[in-house]
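I have placed the structure first, in the form of structure tokens, so that the comments after it can refer back to it.
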Amino acid sequence: LDYLTANTDGIDLAATIQGCYMEDGFFSNVTTSPKQFKNFREADGLLFICEQEHNLLCIPNILAGKRAVREILIMHAHSLLAHLGAYKTLGLLRDHVWWRT
């Protein structure tokens, strides 16, 4: 996960999203009513969802500067895979991060 979130386009994504879950409509509910969302957990200011025994980092719908954090993450994942295509990029993201669609 570190290689996916550390220094993405000059932005430390983990540091950027820490404490910003209240800005996202869905994740604010998870944060304020954790007993209703038993498959989520918080660690060091970051929110994770447990899916099939894997903890995926939750990505809130927020901006970093003028760009959406999710957009930055998608572009970074695509670059990490040497532009191998949408399916491989999606696979990498599905293995490490989650957001509500």
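For the structure tokens, the naming scheme is as follows: chains receive sequential letters (A, B, ...) according to their order of presentation, residues are indexed from 1 within each chain, and ligands are indexed from 1 in presentation order.
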Find the residues around range 14-28 of chain A up to 8 Å (only C-alpha atoms counted), leave out those fewer than 4 positions away in its own chain, and share them as an MDAnalysis selection string.
-> chainID A and resid 5:6 32 44:47 59:62 64 100
For those residues, write N, CA and C atoms to a file as an mmCIF file, in the first residue's frame.
data_model
loop_
_atom_site.group_PDB
_atom_site.id
_atom_site.type_symbol
_atom_site.label_atom_id
_atom_site.label_comp_id
_atom_site.auth_asym_id
_atom_site.auth_seq_id
_atom_site.Cartn_x
_atom_site.Cartn_y
_atom_site.Cartn_z
ATOM 1 N N THR A 5 0.427 4.899 -2.137
ATOM 2 C CA THR A 5 -0.028 6.156 -1.536
ATOM 3 C C THR A 5 1.074 7.157 -1.224
ATOM 4 N N ALA A 6 2.315 6.719 -1.143
ATOM 5 C CA ALA A 6 3.397 7.628 -0.761
ATOM 6 C C ALA A 6 3.820 8.503 -1.932
ATOM 7 N N THR A 32 -18.985 8.684 12.428
ATOM 8 C CA THR A 32 -19.822 9.084 13.564
ATOM 9 C C THR A 32 -20.642 7.933 14.143
ATOM 10 N N ASP A 44 -4.769 5.153 13.142
ATOM 11 C CA ASP A 44 -3.898 6.314 12.890
ATOM 12 C C ASP A 44 -4.557 7.372 12.014
ATOM 13 N N GLY A 45 -5.839 7.611 12.220
ATOM 14 C CA GLY A 45 -6.544 8.630 11.456
ATOM 15 C C GLY A 45 -6.960 8.197 10.066
ATOM 16 N N LEU A 46 -6.720 6.944 9.729
ATOM 17 C CA LEU A 46 -7.117 6.411 8.426
ATOM 18 C C LEU A 46 -8.223 5.390 8.626
ATOM 19 N N LEU A 47 -9.124 5.314 7.666
ATOM 20 C CA LEU A 47 -10.246 4.394 7.728
ATOM 21 C C LEU A 47 -9.993 3.238 6.768
ATOM 22 N N ILE A 59 -10.824 5.773 0.631
ATOM 23 C CA ILE A 59 -10.436 7.040 0.018
ATOM 24 C C ILE A 59 -11.656 7.959 -0.021
ATOM 25 N N PRO A 60 -11.654 9.034 0.771
ATOM 26 C CA PRO A 60 -12.795 9.948 0.762
ATOM 27 C C PRO A 60 -12.823 10.786 -0.517
ATOM 28 N N ASN A 61 -13.987 11.312 -0.814
ATOM 29 C CA ASN A 61 -14.166 12.157 -1.989
ATOM 30 C C ASN A 61 -13.781 13.590 -1.612
ATOM 31 N N ILE A 62 -12.471 13.863 -1.669
ATOM 32 C CA ILE A 62 -11.942 15.176 -1.294
ATOM 33 C C ILE A 62 -10.970 15.651 -2.371
ATOM 34 N N ALA A 64 -7.247 17.545 -3.320
ATOM 35 C CA ALA A 64 -5.887 17.893 -2.910
ATOM 36 C C ALA A 64 -5.479 18.999 -3.871
ATOM 37 N N ARG A 100 -16.792 4.264 -2.078
ATOM 38 C CA ARG A 100 -18.167 3.933 -2.448
ATOM 39 C C ARG A 100 -18.444 4.450 -3.848
#
To test your reading of the structure, identify every residue in chain A that backbone DSSP assigns to strand (DSSP E or B), and report it as a CSV table (one decimal) with C-alpha atoms, in the first residue's frame.
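To be explicit, this is the file written out as selection-v7.csv:
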chain,number,residue,atom,x,y,z
A,8,THR,CA,1.8,10.6,-5.4
A,11,ILE,CA,1.3,14.6,-2.5
A,40,PHE,CA,-14.8,-0.6,8.9
A,41,ARG,CA,-12.0,0.2,11.3
A,42,GLU,CA,-9.9,3.3,12.1
A,43,ALA,CA,-6.1,3.2,12.6
A,46,LEU,CA,-7.1,6.4,8.4
A,47,LEU,CA,-10.2,4.4,7.7
A,48,PHE,CA,-10.1,0.8,6.4
A,49,ILE,CA,-12.7,-1.6,5.2
A,50,CYS,CA,-12.3,-5.3,5.7
A,51,GLU,CA,-13.3,-7.2,2.5
A,54,HIS,CA,-8.1,-7.8,3.4
A,55,ASN,CA,-8.0,-4.3,4.8
A,56,LEU,CA,-8.5,-1.7,2.1
A,57,LEU,CA,-7.7,1.9,2.7
A,58,CYS,CA,-10.8,4.0,2.3
A,63,LEU,CA,-9.6,17.5,-3.2
A,64,ALA,CA,-5.9,17.9,-2.9
A,67,ARG,CA,-7.6,17.7,-8.1
A,68,ALA,CA,-9.7,14.9,-6.7
A,97,VAL,CA,-8.1,0.9,-1.8
A,98,TRP,CA,-11.8,1.3,-1.6
Run DSSP on the backbone of this structure and report the residues of chain A it assigns to helix (DSSP H, G or I), as JSON, numbers by chain.
-> {"A": [2, 3, 4, 5, 13, 14, 15, 16, 17, 21, 22, 23, 25, 26, 27, 28, 29, 30, 31, 32, 34, 35, 36, 69, 70, 71, 72, 73, 74, 75, 76, 77, 78, 79, 80, 86, 87, 88, 89, 90, 91, 92, 93, 94, 95, 96]}
Can you write just those residues out, N, CA and C atoms, as a tab-separated table (two decimals), in the first residue's frame?
chain	number	residue	atom	x	y	z
A	2	ASP	N	2.00	1.21	0.68
A	2	ASP	CA	2.86	2.40	0.76
A	2	ASP	C	3.29	2.88	-0.62
A	3	TYR	N	3.65	1.96	-1.50
A	3	TYR	CA	4.09	2.37	-2.83
A	3	TYR	C	2.97	3.02	-3.62
A	4	LEU	N	1.74	2.72	-3.26
A	4	LEU	CA	0.61	3.29	-3.97
A	4	LEU	C	0.23	4.67	-3.44
A	5	THR	N	0.43	4.90	-2.14
A	5	THR	CA	-0.03	6.16	-1.54
A	5	THR	C	1.07	7.16	-1.22
A	13	LEU	N	-0.56	10.96	0.03
A	13	LEU	CA	-1.99	10.71	0.10
A	13	LEU	C	-2.46	10.31	1.48
A	14	ALA	N	-1.70	9.48	2.18
A	14	ALA	CA	-2.11	9.07	3.52
A	14	ALA	C	-2.25	10.29	4.42
A	15	ALA	N	-1.27	11.18	4.39
A	15	ALA	CA	-1.33	12.39	5.21
A	15	ALA	C	-2.46	13.31	4.76
A	16	THR	N	-2.72	13.34	3.46
A	16	THR	CA	-3.77	14.20	2.92
A	16	THR	C	-5.16	13.75	3.37
A	17	ILE	N	-5.40	12.44	3.40
A	17	ILE	CA	-6.74	11.97	3.74
A	17	ILE	C	-6.96	11.78	5.24
A	21	TYR	N	-12.21	12.38	6.62
A	21	TYR	CA	-13.37	11.53	6.34
A	21	TYR	C	-14.69	12.23	6.63
A	22	MET	N	-14.68	13.22	7.50
A	22	MET	CA	-15.92	13.95	7.80
A	22	MET	C	-16.36	14.81	6.62
A	23	GLU	N	-15.47	15.08	5.68
A	23	GLU	CA	-15.81	15.88	4.50
A	23	GLU	C	-16.53	15.06	3.43
A	25	GLY	N	-19.60	12.51	2.48
A	25	GLY	CA	-20.93	12.17	3.00
A	25	GLY	C	-21.04	10.76	3.55
A	26	PHE	N	-20.55	9.77	2.83
A	26	PHE	CA	-20.65	8.39	3.29
A	26	PHE	C	-19.72	8.12	4.46
A	27	PHE	N	-18.46	8.49	4.32
A	27	PHE	CA	-17.49	8.18	5.37
A	27	PHE	C	-17.74	8.97	6.66
A	28	SER	N	-18.41	10.11	6.57
A	28	SER	CA	-18.76	10.83	7.80
A	28	SER	C	-19.74	9.99	8.62
A	29	ASN	N	-20.65	9.28	7.95
A	29	ASN	CA	-21.57	8.39	8.66
A	29	ASN	C	-20.82	7.24	9.32
A	30	VAL	N	-19.84	6.69	8.62
A	30	VAL	CA	-19.04	5.59	9.17
A	30	VAL	C	-18.29	6.07	10.40
A	31	THR	N	-17.74	7.27	10.33
A	31	THR	CA	-16.94	7.82	11.42
A	31	THR	C	-17.79	8.14	12.65
A	32	THR	N	-18.99	8.68	12.43
A	32	THR	CA	-19.82	9.08	13.56
A	32	THR	C	-20.64	7.93	14.14
A	34	PRO	N	-19.78	4.21	14.13
A	34	PRO	CA	-18.97	3.04	13.77
A	34	PRO	C	-19.64	1.70	14.08
A	35	LYS	N	-20.53	1.65	15.06
A	35	LYS	CA	-21.19	0.38	15.39
A	35	LYS	C	-22.14	-0.08	14.29
A	36	GLN	N	-22.59	0.84	13.45
A	36	GLN	CA	-23.47	0.49	12.34
A	36	GLN	C	-22.69	0.00	11.12
A	69	VAL	N	-8.61	13.56	-5.02
A	69	VAL	CA	-7.64	12.57	-4.52
A	69	VAL	C	-7.81	11.25	-5.27
A	70	ARG	N	-9.05	10.87	-5.55
A	70	ARG	CA	-9.30	9.61	-6.27
A	70	ARG	C	-8.70	9.66	-7.67
A	71	GLU	N	-8.83	10.79	-8.34
A	71	GLU	CA	-8.24	10.95	-9.67
A	71	GLU	C	-6.72	10.81	-9.60
A	72	ILE	N	-6.11	11.46	-8.62
A	72	ILE	CA	-4.66	11.40	-8.45
A	72	ILE	C	-4.23	9.96	-8.23
A	73	LEU	N	-4.96	9.25	-7.41
A	73	LEU	CA	-4.63	7.85	-7.10
A	73	LEU	C	-4.75	6.96	-8.34
A	74	ILE	N	-5.78	7.16	-9.13
A	74	ILE	CA	-5.96	6.38	-10.36
A	74	ILE	C	-4.82	6.65	-11.33
A	75	MET	N	-4.47	7.90	-11.50
A	75	MET	CA	-3.37	8.25	-12.42
A	75	MET	C	-2.05	7.67	-11.93
A	76	HIS	N	-1.80	7.72	-10.63
A	76	HIS	CA	-0.57	7.18	-10.07
A	76	HIS	C	-0.50	5.66	-10.26
A	77	ALA	N	-1.60	4.98	-10.00
A	77	ALA	CA	-1.64	3.52	-10.17
A	77	ALA	C	-1.39	3.16	-11.63
A	78	HIS	N	-1.97	3.90	-12.53
A	78	HIS	CA	-1.77	3.66	-13.97
A	78	HIS	C	-0.30	3.83	-14.35
A	79	SER	N	0.34	4.86	-13.80
A	79	SER	CA	1.76	5.09	-14.07
A	79	SER	C	2.64	4.01	-13.46
A	80	LEU	N	2.30	3.56	-12.25
A	80	LEU	CA	3.09	2.49	-11.61
A	80	LEU	C	3.12	1.23	-12.45
A	86	ALA	N	-6.52	-0.23	-18.40
A	86	ALA	CA	-7.54	0.01	-17.39
A	86	ALA	C	-7.77	-1.18	-16.47
A	87	TYR	N	-7.80	-2.39	-17.01
A	87	TYR	CA	-8.09	-3.56	-16.19
A	87	TYR	C	-7.00	-3.83	-15.16
A	88	LYS	N	-5.75	-3.67	-15.54
A	88	LYS	CA	-4.66	-3.88	-14.58
A	88	LYS	C	-4.64	-2.77	-13.53
A	89	THR	N	-4.93	-1.55	-13.95
A	89	THR	CA	-5.00	-0.43	-13.01
A	89	THR	C	-6.13	-0.67	-12.01
A	90	LEU	N	-7.28	-1.06	-12.51
A	90	LEU	CA	-8.41	-1.36	-11.63
A	90	LEU	C	-8.08	-2.49	-10.67
A	91	GLY	N	-7.41	-3.51	-11.15
A	91	GLY	CA	-7.02	-4.63	-10.29
A	91	GLY	C	-6.11	-4.20	-9.17
A	92	LEU	N	-5.13	-3.35	-9.48
A	92	LEU	CA	-4.22	-2.85	-8.45
A	92	LEU	C	-4.98	-2.05	-7.40
A	93	LEU	N	-5.85	-1.17	-7.86
A	93	LEU	CA	-6.62	-0.35	-6.93
A	93	LEU	C	-7.54	-1.20	-6.07
A	94	ARG	N	-8.22	-2.17	-6.67
A	94	ARG	CA	-9.13	-3.04	-5.91
A	94	ARG	C	-8.42	-3.83	-4.82
A	95	ASP	N	-7.16	-4.11	-5.01
A	95	ASP	CA	-6.39	-4.86	-4.02
A	95	ASP	C	-5.95	-4.02	-2.83
A	96	HIS	N	-6.02	-2.68	-2.95
A	96	HIS	CA	-5.44	-1.83	-1.90
A	96	HIS	C	-6.34	-0.72	-1.37
